[in-house]
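As structure tokens, the structure follows; a few thoughts come after it.
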Amino acid sequence: MSREYRILCDSTADMPWSYYEERDVKLACMSYTVDGEEYIGAALSPKEFYDKLRAGSTATTAQINMDVFTKSFEEEIAAGRDVLYLCFSSGLSGTCNSAQIAAEDVMERHPEAKVIVVDSLAASAGEGLLLDYLVENKKKGMTLEENAAWAVEHRLNLAHWFTVDDLNHLYRGGRVSKTAAVFGTLLGIKPVLHVDDEGHLVPMEKVRGRQASLEGLVRHMREDGLDLASQKIFISHGDCRADAEKVAEMVRNEFGVREVLITDIGPVVGAHSGPGTVALFYMGKKR
């Protein structure tokens, strides 16, 4: 008989804090630093964080170290539970590698226990959408091993499409050149990006103007979405709720999706994407 297990996830899944509490999902929180001061979790609200960025503050992030994972995994094992840990994309952070090393160390010392680390290859509410599927799978009775295998099998169907309002944040993160950031800003160029099969954030195309970039997200959904009317669609945003609502309205009107969840992009992801980011997540034929 399989042991009970608990789902763990990173705060980079960008779901409302109440979501984790209501579904008994345990969190590991990456820290972030704004103007030399370190924060973690909900220490700053998204609004406070983005206001600081707009005022000229700079933000950096740090991966979760192995000791944090070791302690978290051992707490679950002490309570008689195994662990399914859904990790932030290895293409964007070394956190997943730290979690895997910690899991192997813990299982060596606790051979009766099982800790499975799944690299989501996802970011923001893309990781959140994969988490939501795992939570529902667990409710339906999937074992730890079955649920982990489901995540690995389907993670590359989880499409991520982003656009940003300020190219300078992408420049600071090494995603575009300084020249592209300067001239793109002057010309009103907005990039459309996605997360590829290796979990990296990749610029895909450039469009002129904000509305065209938002429509571009929905266009990609039209091209490769799977059975969209039956899906739950996630949208996350960097303190630009009105634009996220525009995308949600387009998605509802065109595809008749059963549910749309709009969430804030938290400070860890937002430190690299900046205010004005809008991201659309759904299950598709491919990434």
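A note on labels: chains of the structure tokens are A, B, ... as shown, every chain counts residues from 1, and ligands are counted from 1 in their shown order.
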message = For the helix (DSSP H, G or I) assignment from backbone DSSP, which residues of stretch 23-91 of chain A qualify? Please present them as an MDAnalysis selection string.
response = chainID A and resid 46:54 66:78
Exercise for the section: For A:Ser89, please output as a ChimeraX atom specification all residues within 6 Å (counting only C-alpha atoms; exclusion window: fewer than 6 positions along the same chain). Expected result: /A:119-122,199
Using only C-alpha atoms, the best pick from A:Cys9, A:Ala102, A:Met283, A:Val202 as closest to A:Glu74 would be A:Ala102
From the set A:Val106, A:Val251, A:Ala229, A:Leu129, which residue has the shortest atom-to-atom contact distance to A:Ala13, counting only C-alpha atoms?
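Among the listed residues, the smallest separation from A:Ala13 belongs to A:Leu129.
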Contacts of stretch 239-244 of chain A at 7 Å or less, counting only C-alpha atoms, minus same-chain residues fewer than 4 places along, as an MDAnalysis selection string? chainID A and resid 46:47 50 235 248 264 275:276 278
Closest of A:Val135, A:Ile77, A:Leu193, A:Ala55 to A:Pro111, counting only C-alpha atoms, is A:Ile77
query: Using only C-alpha atoms, which of the listed residues (A:Met142, A:Leu84, A:Leu158, A:Leu92) sits closest to A:Gly128?
result: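 Once distances to A:Gly128 are computed over only C-alpha atoms, the minimum belongs to A:Leu158.
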Residues within 12 Å of stretch 35-39 of chain A, please, as a list of chain:residue names. Count only C-alpha atoms; anything in the same chain fewer than 4 positions from it doesn't count. A:Cys29, A:Met30, A:Ser31, A:Ala43, A:Leu44, A:Ser45, A:Phe49, A:Lys52, A:Leu53, A:Ala55, A:Gly56, A:Ser57, A:Thr58, A:Ala59, A:Thr60, A:Thr61, A:Ala62, A:Gly266, A:Pro267, A:Val268, A:Ala271
